[in-house]
Amino acid sequence: MERTIKDQMTLHNGVTMPEHGFGVYKMTDKSELETAVHKALEFGYRSFDTAQMYQNETILGEILHNGPVTRKELFITTKINNSSQGYDQSLFTFEESLNDLQLSQLDLLLVHWPSEKHFFETWRAFERLYEEKMVRAIGVCNFQIHHLEKLKTKANIMPMVNQIEIHPYMTQKELRGYLQEENIAAEAWGPLARGMVLTDETIVEIAKRLQKTPAQIVLRWHLQNRSIFIPKSSTPIRIEENTNIYDFELSAEDMARIDSLNKNHRTGPNPDEIYPTI
Ligand SMILES: NC(=O)c1ccc[n+]([C@@H]2O[C@H](COP(=O)([O-])OP(=O)(O)OC[C@H]3O[C@@H](n4cnc5c(N)ncnc54)[C@H](OP(=O)(O)O)[C@@H]3O)[C@@H](O)[C@H]2O)c1
């Protein structure tokens, strides 16, 4: 069946979420964010990924609230900051995020990083927010298998999503296999490895042969891997470019060649190193 930017992933609680979303990390300037969000909406994006840490929930909320697309069509994700973990703090700062985003209900709330100290208490707050229907889905970010196994010992509701660093240099084969078995959707952050993989000679060769750009090859690889992926760009022409991935297909051979580029290289922190410090 033909794929489009409207394609949805069904989470384990039945809620659907766009597979191809838009990340807004590092965009704190209102006019920059406004231009980017309007371009993204124009080219079909409906899912927006922010975080308390990004310090742009207020401007994102304002832009979307006054934008051309109705609330019902949008899917909005935010994340509880590391410094706001724990039961009371999570509940309190969630309320602030909801107000800042001008929402009465959030689509997806994520724990930003695993924290040894607040591990179960943050999740207990998330379960409460889910049960009270303040959020349609709850999940985590940067959880390794052992974090999820630990969560399982006490959780009443397991995460619907684990947002992790995934790109051709960090393919996360083992963790993705585990997530699939556990019916937790894998969401790729840093899907372009923040630009690092775009000069890789294998990616460049495939791009030239298929007359696409390196970014389009990498995003198509995510799409065919059935991950949720959320590229960020504040450049209008790239925002459009990143949506033009639905008119070609990567062969099994090209998919395997991109898989083989893995070198377990992270562009962000290692969750196991952050875990005891939060
Ligand atoms: N949960 C977590 O811990 C976590 C961590 C990091 C990120 N995230 C989320 O994931 C989103 C995406 O990750 P990311 O922003 O770190 O990295 P990314 O999407 O892999 O890469 C963004 C970088 O690639 C550039 N770029 C985008 N499209 C391009 C294209 N077609 N050609 C060339 N360069 C292009 C952008 O430049 P320009 O903007 O200048 O165009 C930007 O420098 C974030 O925005 C955030 O929402 C989550």
# chains A, B, ... in the order shown; residues from 1 in each chain; ligands from 1
$ residues_near_ligand --ligand "ligand 1" --cutoff "8 Å" --atoms "only C-alpha atoms and all ligand atoms" --output "PyMOL selection string"
chain A and resi 22-26+48-51+79+112-113+141-142+163-165+167+188-195+198+213-216+229-239+241-242+268
$ closest_residue --among "A:His65, A:His118, A:His147, A:Arg124" --to "Asn82 in chain A" --atoms "only C-alpha atoms"
A:His118
$ select_by_dssp --residues "range 104-255 of chain A" --states "strand (DSSP E or B)" --output "VMD selection string"
chain A and resid 106 to 111 135 to 141 161 to 165 167 170 185 to 189 228 to 229
$ write_last_selection --atoms "N, CA and C atoms" --output "tab-separated table (two decimals), in the first residue's frame"
chain	number	residue	atom	x	y	z
A	106	LEU	N	-3.02	16.48	26.65
A	106	LEU	CA	-1.80	16.28	25.84
A	106	LEU	C	-1.92	14.94	25.12
A	107	ASP	N	-1.26	14.82	23.97
A	107	ASP	CA	-1.31	13.53	23.25
A	107	ASP	C	-0.31	12.52	23.82
A	108	LEU	N	0.93	12.98	24.05
A	108	LEU	CA	1.94	12.03	24.53
A	108	LEU	C	2.88	12.74	25.51
A	109	LEU	N	3.00	12.15	26.70
A	109	LEU	CA	3.91	12.67	27.72
A	109	LEU	C	5.04	11.66	27.92
A	110	LEU	N	6.28	12.17	27.87
A	110	LEU	CA	7.44	11.28	27.99
A	110	LEU	C	8.33	11.66	29.17
A	111	VAL	N	8.95	10.66	29.78
A	111	VAL	CA	10.04	10.88	30.75
A	111	VAL	C	11.28	11.17	29.91
A	135	VAL	N	-3.64	12.91	29.62
A	135	VAL	CA	-2.75	12.57	28.49
A	135	VAL	C	-3.32	11.34	27.79
A	136	ARG	N	-3.20	11.31	26.46
A	136	ARG	CA	-3.76	10.18	25.70
A	136	ARG	C	-2.80	8.99	25.68
A	137	ALA	N	-1.50	9.28	25.87
A	137	ALA	CA	-0.51	8.19	25.90
A	137	ALA	C	0.67	8.63	26.74
A	138	ILE	N	1.34	7.65	27.36
A	138	ILE	CA	2.53	7.95	28.17
A	138	ILE	C	3.69	7.07	27.71
A	139	GLY	N	4.89	7.62	27.89
A	139	GLY	CA	6.05	6.86	27.45
A	139	GLY	C	7.32	7.37	28.10
A	140	VAL	N	8.43	6.86	27.59
A	140	VAL	CA	9.74	7.20	28.14
A	140	VAL	C	10.68	7.55	26.99
A	141	CYS	N	11.82	8.09	27.34
A	141	CYS	CA	12.88	8.33	26.36
A	141	CYS	C	14.16	7.72	26.91
A	161	VAL	N	5.50	4.24	24.23
A	161	VAL	CA	6.56	4.70	23.32
A	161	VAL	C	7.88	4.76	24.09
A	162	ASN	N	8.98	4.41	23.41
A	162	ASN	CA	10.32	4.71	23.94
A	162	ASN	C	11.03	5.52	22.86
A	163	GLN	N	11.29	6.80	23.16
A	163	GLN	CA	11.96	7.67	22.18
A	163	GLN	C	13.47	7.59	22.43
A	164	ILE	N	14.18	7.06	21.44
A	164	ILE	CA	15.61	6.79	21.61
A	164	ILE	C	16.40	7.30	20.40
A	165	GLU	N	17.70	7.45	20.61
A	165	GLU	CA	18.54	7.89	19.48
A	165	GLU	C	18.66	6.74	18.48
A	167	HIS	N	19.72	6.17	14.27
A	167	HIS	CA	20.12	6.64	12.93
A	167	HIS	C	21.10	5.60	12.39
A	170	MET	N	23.74	4.45	14.69
A	170	MET	CA	23.27	3.97	16.02
A	170	MET	C	21.93	3.27	15.76
A	185	ALA	N	6.26	1.19	21.04
A	185	ALA	CA	6.69	1.78	19.77
A	185	ALA	C	8.06	2.44	19.91
A	186	ALA	N	8.93	2.22	18.93
A	186	ALA	CA	10.25	2.88	18.92
A	186	ALA	C	10.11	4.20	18.17
A	187	GLU	N	10.56	5.28	18.82
A	187	GLU	CA	10.54	6.58	18.17
A	187	GLU	C	11.98	7.08	18.07
A	188	ALA	N	12.39	7.46	16.86
A	188	ALA	CA	13.79	7.84	16.62
A	188	ALA	C	13.99	9.32	16.83
A	189	TRP	N	14.78	9.67	17.85
A	189	TRP	CA	15.25	11.07	17.92
A	189	TRP	C	16.61	11.17	17.24
A	228	ILE	N	8.83	5.44	14.43
A	228	ILE	CA	8.33	6.81	14.39
A	228	ILE	C	9.61	7.66	14.30
A	229	PHE	N	9.62	8.73	13.52
A	229	PHE	CA	10.84	9.55	13.41
A	229	PHE	C	10.46	11.02	13.33
$ residues_around --residues "Gln8 in chain A" --least-positions-apart "6" --cutoff "10 Å" --atoms "only C-alpha atoms" --output "list of chain:residue names"
A:Val15, A:Thr16, A:Met17, A:Pro18, A:Glu19, A:His20, A:Ile228
$ closest_residue --among "A:Val218, A:Leu41, A:Ile157, A:Leu60" --to "Ile206 in chain A" --atoms "only C-alpha atoms"
A:Val218
$ residues_around --residues "Asp254 in chain A" --least-positions-apart "3" --cutoff "10 Å" --atoms "only C-alpha atoms" --output "PyMOL selection string"
chain A and resi 202-203+206+217+221+249-251+257-260
$ write_last_selection --atoms "N, CA, C and O atoms" --output "PDB file, in the first residue's frame"
ATOM      1  N   THR A 202      28.370   5.831   1.693  1.00  0.00           N
ATOM      2  CA  THR A 202      27.339   4.869   1.262  1.00  0.00           C
ATOM      3  C   THR A 202      26.008   5.591   1.053  1.00  0.00           C
ATOM      4  O   THR A 202      25.318   5.382   0.042  1.00  0.00           O
ATOM      5  N   ILE A 203      25.667   6.458   1.994  1.00  0.00           N
ATOM      6  CA  ILE A 203      24.398   7.211   1.892  1.00  0.00           C
ATOM      7  C   ILE A 203      24.442   8.119   0.656  1.00  0.00           C
ATOM      8  O   ILE A 203      23.475   8.207  -0.105  1.00  0.00           O
ATOM      9  N   ILE A 206      23.991   6.045  -2.525  1.00  0.00           N
ATOM     10  CA  ILE A 206      22.589   5.625  -2.736  1.00  0.00           C
ATOM     11  C   ILE A 206      21.770   6.832  -3.188  1.00  0.00           C
ATOM     12  O   ILE A 206      20.946   6.741  -4.112  1.00  0.00           O
ATOM     13  N   ILE A 217      17.218   9.806   1.873  1.00  0.00           N
ATOM     14  CA  ILE A 217      17.565   8.369   1.966  1.00  0.00           C
ATOM     15  C   ILE A 217      17.466   7.913   3.424  1.00  0.00           C
ATOM     16  O   ILE A 217      16.885   6.866   3.739  1.00  0.00           O
ATOM     17  N   TRP A 221      14.816   5.275   5.115  1.00  0.00           N
ATOM     18  CA  TRP A 221      15.289   4.089   5.869  1.00  0.00           C
ATOM     19  C   TRP A 221      14.507   3.976   7.189  1.00  0.00           C
ATOM     20  O   TRP A 221      14.046   2.884   7.545  1.00  0.00           O
ATOM     21  N   GLU A 249      11.410   3.883  -3.157  1.00  0.00           N
ATOM     22  CA  GLU A 249      11.567   2.835  -2.147  1.00  0.00           C
ATOM     23  C   GLU A 249      13.028   2.395  -2.106  1.00  0.00           C
ATOM     24  O   GLU A 249      13.689   2.380  -3.157  1.00  0.00           O
ATOM     25  N   LEU A 250      13.528   2.047  -0.938  1.00  0.00           N
ATOM     26  CA  LEU A 250      14.871   1.490  -0.832  1.00  0.00           C
ATOM     27  C   LEU A 250      14.764  -0.025  -0.996  1.00  0.00           C
ATOM     28  O   LEU A 250      13.877  -0.647  -0.399  1.00  0.00           O
ATOM     29  N   SER A 251      15.679  -0.602  -1.775  1.00  0.00           N
ATOM     30  CA  SER A 251      15.668  -2.061  -1.951  1.00  0.00           C
ATOM     31  C   SER A 251      16.131  -2.712  -0.645  1.00  0.00           C
ATOM     32  O   SER A 251      16.762  -2.050   0.206  1.00  0.00           O
ATOM     33  N   ARG A 257      22.590  -2.362   3.515  1.00  0.00           N
ATOM     34  CA  ARG A 257      23.851  -1.594   3.480  1.00  0.00           C
ATOM     35  C   ARG A 257      23.803  -0.458   4.509  1.00  0.00           C
ATOM     36  O   ARG A 257      24.789  -0.168   5.177  1.00  0.00           O
ATOM     37  N   ILE A 258      22.642   0.185   4.628  1.00  0.00           N
ATOM     38  CA  ILE A 258      22.534   1.279   5.619  1.00  0.00           C
ATOM     39  C   ILE A 258      22.590   0.691   7.035  1.00  0.00           C
ATOM     40  O   ILE A 258      23.289   1.223   7.900  1.00  0.00           O
ATOM     41  N   ASP A 259      21.902  -0.431   7.250  1.00  0.00           N
ATOM     42  CA  ASP A 259      21.983  -1.102   8.568  1.00  0.00           C
ATOM     43  C   ASP A 259      23.440  -1.383   8.948  1.00  0.00           C
ATOM     44  O   ASP A 259      23.816  -1.274  10.115  1.00  0.00           O
ATOM     45  N   SER A 260      24.230  -1.758   7.953  1.00  0.00           N
ATOM     46  CA  SER A 260      25.601  -2.191   8.260  1.00  0.00           C
ATOM     47  C   SER A 260      26.519  -1.011   8.592  1.00  0.00           C
ATOM     48  O   SER A 260      27.680  -1.213   8.965  1.00  0.00           O
TER      49      SER A 260
END
$ select_by_dssp --residues "range 11-216 of chain A" --states "alpha helix (DSSP H)" --output "number ranges by chain"
A: 30-42, 57-65, 87-100, 119-131, 145-152, 173-181, 201-210, 214-216
$ atom_distance --atom1 "CA of Ala256 in chain A" --atom2 "CA of Ser227 in chain A"
15.9 Å
$ residues_around --residues "Arg46 in chain A" --least-positions-apart "3" --cutoff "7 Å" --atoms "only C-alpha atoms" --output "list in words"
Gly21, Leu41, Glu73, Leu74 and Phe75 of chain A
$ write_last_selection --atoms "C-alpha atoms" --output "PDB file, in the first residue's frame"
ATOM      1  CA  GLY A  21       6.722  14.012  13.085  1.00  0.00           C
ATOM      2  CA  LEU A  41       2.081  22.207   8.576  1.00  0.00           C
ATOM      3  CA  GLU A  73      -5.700  17.001  13.738  1.00  0.00           C
ATOM      4  CA  LEU A  74      -2.546  17.675  15.769  1.00  0.00           C
ATOM      5  CA  PHE A  75      -0.479  15.282  17.894  1.00  0.00           C
TER       6      PHE A  75
END
$ atom_distance --atom1 "CA of Arg71 in chain A" --atom2 "CA of Leu101 in chain A"
11.3 Å
$ closest_residue --among "A:Asn262, A:Gln55, A:Thr171, A:Thr122" --to "Ala155 in chain A" --atoms "only C-alpha atoms"
A:Thr122
$ atom_distance --atom1 "CA of Thr35 in chain A" --atom2 "CA of Ala207 in chain A"
27.7 Å
$ closest_residue --among "A:Glu116, A:Asp29, A:Asp100, A:Glu57" --to "Pro276 in chain A" --atoms "only C-alpha atoms"
A:Glu116
$ closest_residue --among "A:Asn244, A:Ser97, A:Gln144, A:Thr78" --to "Glu174 in chain A" --atoms "only C-alpha atoms"
A:Gln144
$ closest_residue --among "A:Thr70, A:Gln89, A:Asn225, A:Thr267" --to "Arg176 in chain A" --atoms "only C-alpha atoms"
A:Asn225
$ decode --residues "range 58-159 of chain A" --atoms "C-alpha atoms" --output "PDB file, in the first residue's frame"
ATOM      1  CA  THR A  58       4.849  28.623  25.253  1.00  0.00           C
ATOM      2  CA  ILE A  59       5.728  29.835  21.759  1.00  0.00           C
ATOM      3  CA  LEU A  60       4.892  26.472  20.193  1.00  0.00           C
ATOM      4  CA  GLY A  61       1.516  26.521  21.973  1.00  0.00           C
ATOM      5  CA  GLU A  62       0.788  30.011  20.717  1.00  0.00           C
ATOM      6  CA  ILE A  63       1.827  29.239  17.135  1.00  0.00           C
ATOM      7  CA  LEU A  64      -0.243  26.040  16.937  1.00  0.00           C
ATOM      8  CA  HIS A  65      -3.217  27.588  18.737  1.00  0.00           C
ATOM      9  CA  ASN A  66      -3.333  30.448  16.212  1.00  0.00           C
ATOM     10  CA  GLY A  67      -2.331  28.230  13.272  1.00  0.00           C
ATOM     11  CA  PRO A  68      -4.345  26.929  10.340  1.00  0.00           C
ATOM     12  CA  VAL A  69      -4.798  23.343  11.597  1.00  0.00           C
ATOM     13  CA  THR A  70      -7.410  22.333  14.178  1.00  0.00           C
ATOM     14  CA  ARG A  71      -6.381  20.877  17.536  1.00  0.00           C
ATOM     15  CA  LYS A  72      -8.067  17.567  16.668  1.00  0.00           C
ATOM     16  CA  GLU A  73      -5.700  17.001  13.738  1.00  0.00           C
ATOM     17  CA  LEU A  74      -2.546  17.675  15.769  1.00  0.00           C
ATOM     18  CA  PHE A  75      -0.479  15.282  17.894  1.00  0.00           C
ATOM     19  CA  ILE A  76       1.606  17.037  20.540  1.00  0.00           C
ATOM     20  CA  THR A  77       4.366  15.484  22.627  1.00  0.00           C
ATOM     21  CA  THR A  78       6.241  16.987  25.533  1.00  0.00           C
ATOM     22  CA  LYS A  79       8.661  15.614  28.125  1.00  0.00           C
ATOM     23  CA  ILE A  80       9.165  16.113  31.853  1.00  0.00           C
ATOM     24  CA  ASN A  81      12.538  17.702  32.517  1.00  0.00           C
ATOM     25  CA  ASN A  82      15.193  15.829  34.505  1.00  0.00           C
ATOM     26  CA  SER A  83      15.090  18.472  37.238  1.00  0.00           C
ATOM     27  CA  SER A  84      11.293  18.062  37.517  1.00  0.00           C
ATOM     28  CA  GLN A  85      11.128  14.310  38.040  1.00  0.00           C
ATOM     29  CA  GLY A  86       9.425  12.768  41.081  1.00  0.00           C
ATOM     30  CA  TYR A  87       5.702  12.417  41.823  1.00  0.00           C
ATOM     31  CA  ASP A  88       4.692  15.927  42.921  1.00  0.00           C
ATOM     32  CA  GLN A  89       7.102  17.772  40.635  1.00  0.00           C
ATOM     33  CA  SER A  90       6.006  15.792  37.568  1.00  0.00           C
ATOM     34  CA  LEU A  91       2.343  16.529  38.273  1.00  0.00           C
ATOM     35  CA  PHE A  92       3.049  20.195  38.958  1.00  0.00           C
ATOM     36  CA  THR A  93       5.240  20.844  35.918  1.00  0.00           C
ATOM     37  CA  PHE A  94       2.910  18.830  33.679  1.00  0.00           C
ATOM     38  CA  GLU A  95       0.159  21.317  34.547  1.00  0.00           C
ATOM     39  CA  GLU A  96       2.498  24.176  33.584  1.00  0.00           C
ATOM     40  CA  SER A  97       3.351  22.504  30.274  1.00  0.00           C
ATOM     41  CA  LEU A  98      -0.314  21.946  29.487  1.00  0.00           C
ATOM     42  CA  ASN A  99      -1.049  25.634  30.148  1.00  0.00           C
ATOM     43  CA  ASP A 100       1.988  26.789  28.183  1.00  0.00           C
ATOM     44  CA  LEU A 101       0.943  24.626  25.240  1.00  0.00           C
ATOM     45  CA  GLN A 102      -2.643  25.979  25.539  1.00  0.00           C
ATOM     46  CA  LEU A 103      -4.076  22.459  25.711  1.00  0.00           C
ATOM     47  CA  SER A 104      -6.708  20.747  27.823  1.00  0.00           C
ATOM     48  CA  GLN A 105      -5.266  17.302  27.084  1.00  0.00           C
ATOM     49  CA  LEU A 106      -1.803  16.281  25.843  1.00  0.00           C
ATOM     50  CA  ASP A 107      -1.309  13.527  23.254  1.00  0.00           C
ATOM     51  CA  LEU A 108       1.944  12.029  24.528  1.00  0.00           C
ATOM     52  CA  LEU A 109       3.912  12.673  27.722  1.00  0.00           C
ATOM     53  CA  LEU A 110       7.441  11.283  27.991  1.00  0.00           C
ATOM     54  CA  VAL A 111      10.036  10.884  30.753  1.00  0.00           C
ATOM     55  CA  HIS A 112      13.022  12.684  29.194  1.00  0.00           C
ATOM     56  CA  TRP A 113      15.820  10.530  30.680  1.00  0.00           C
ATOM     57  CA  PRO A 114      15.814   7.567  33.085  1.00  0.00           C
ATOM     58  CA  SER A 115      16.533   8.644  36.659  1.00  0.00           C
ATOM     59  CA  GLU A 116      17.694   6.199  39.311  1.00  0.00           C
ATOM     60  CA  LYS A 117      16.427   8.412  42.138  1.00  0.00           C
ATOM     61  CA  HIS A 118      12.948   9.186  40.808  1.00  0.00           C
ATOM     62  CA  PHE A 119      12.454   6.063  38.725  1.00  0.00           C
ATOM     63  CA  PHE A 120       9.123   4.726  40.038  1.00  0.00           C
ATOM     64  CA  GLU A 121       7.693   7.976  41.423  1.00  0.00           C
ATOM     65  CA  THR A 122       7.804   9.815  38.104  1.00  0.00           C
ATOM     66  CA  TRP A 123       6.075   6.870  36.439  1.00  0.00           C
ATOM     67  CA  ARG A 124       3.395   6.735  39.157  1.00  0.00           C
ATOM     68  CA  ALA A 125       2.562  10.380  38.326  1.00  0.00           C
ATOM     69  CA  PHE A 126       2.404   9.494  34.624  1.00  0.00           C
ATOM     70  CA  GLU A 127      -0.019   6.626  35.333  1.00  0.00           C
ATOM     71  CA  ARG A 128      -2.215   8.987  37.310  1.00  0.00           C
ATOM     72  CA  LEU A 129      -2.253  11.571  34.488  1.00  0.00           C
ATOM     73  CA  TYR A 130      -3.131   8.805  32.034  1.00  0.00           C
ATOM     74  CA  GLU A 131      -5.908   7.417  34.217  1.00  0.00           C
ATOM     75  CA  GLU A 132      -7.315  10.919  34.667  1.00  0.00           C
ATOM     76  CA  LYS A 133      -7.258  11.294  30.847  1.00  0.00           C
ATOM     77  CA  MET A 134      -5.013  14.340  31.006  1.00  0.00           C
ATOM     78  CA  VAL A 135      -2.751  12.573  28.486  1.00  0.00           C
ATOM     79  CA  ARG A 136      -3.760  10.176  25.703  1.00  0.00           C
ATOM     80  CA  ALA A 137      -0.515   8.191  25.898  1.00  0.00           C
ATOM     81  CA  ILE A 138       2.527   7.949  28.172  1.00  0.00           C
ATOM     82  CA  GLY A 139       6.052   6.860  27.450  1.00  0.00           C
ATOM     83  CA  VAL A 140       9.740   7.201  28.137  1.00  0.00           C
ATOM     84  CA  CYS A 141      12.881   8.330  26.356  1.00  0.00           C
ATOM     85  CA  ASN A 142      16.358   6.887  26.399  1.00  0.00           C
ATOM     86  CA  PHE A 143      15.363   3.775  28.351  1.00  0.00           C
ATOM     87  CA  GLN A 144      17.614   0.758  27.879  1.00  0.00           C
ATOM     88  CA  ILE A 145      16.293  -2.796  28.190  1.00  0.00           C
ATOM     89  CA  HIS A 146      17.278  -2.982  31.881  1.00  0.00           C
ATOM     90  CA  HIS A 147      15.367   0.232  32.653  1.00  0.00           C
ATOM     91  CA  LEU A 148      12.224  -1.181  31.045  1.00  0.00           C
ATOM     92  CA  GLU A 149      12.645  -4.505  32.856  1.00  0.00           C
ATOM     93  CA  LYS A 150      12.945  -2.594  36.141  1.00  0.00           C
ATOM     94  CA  LEU A 151       9.864  -0.512  35.334  1.00  0.00           C
ATOM     95  CA  LYS A 152       7.924  -3.705  34.615  1.00  0.00           C
ATOM     96  CA  THR A 153       8.373  -4.875  38.218  1.00  0.00           C
ATOM     97  CA  LYS A 154       6.055  -2.126  39.520  1.00  0.00           C
ATOM     98  CA  ALA A 155       4.264  -0.452  36.614  1.00  0.00           C
ATOM     99  CA  ASN A 156       0.531  -0.905  36.149  1.00  0.00           C
ATOM    100  CA  ILE A 157       0.770   0.482  32.631  1.00  0.00           C
ATOM    101  CA  MET A 158       3.845  -0.039  30.477  1.00  0.00           C
ATOM    102  CA  PRO A 159       5.068   2.822  28.231  1.00  0.00           C
TER     103      PRO A 159
END
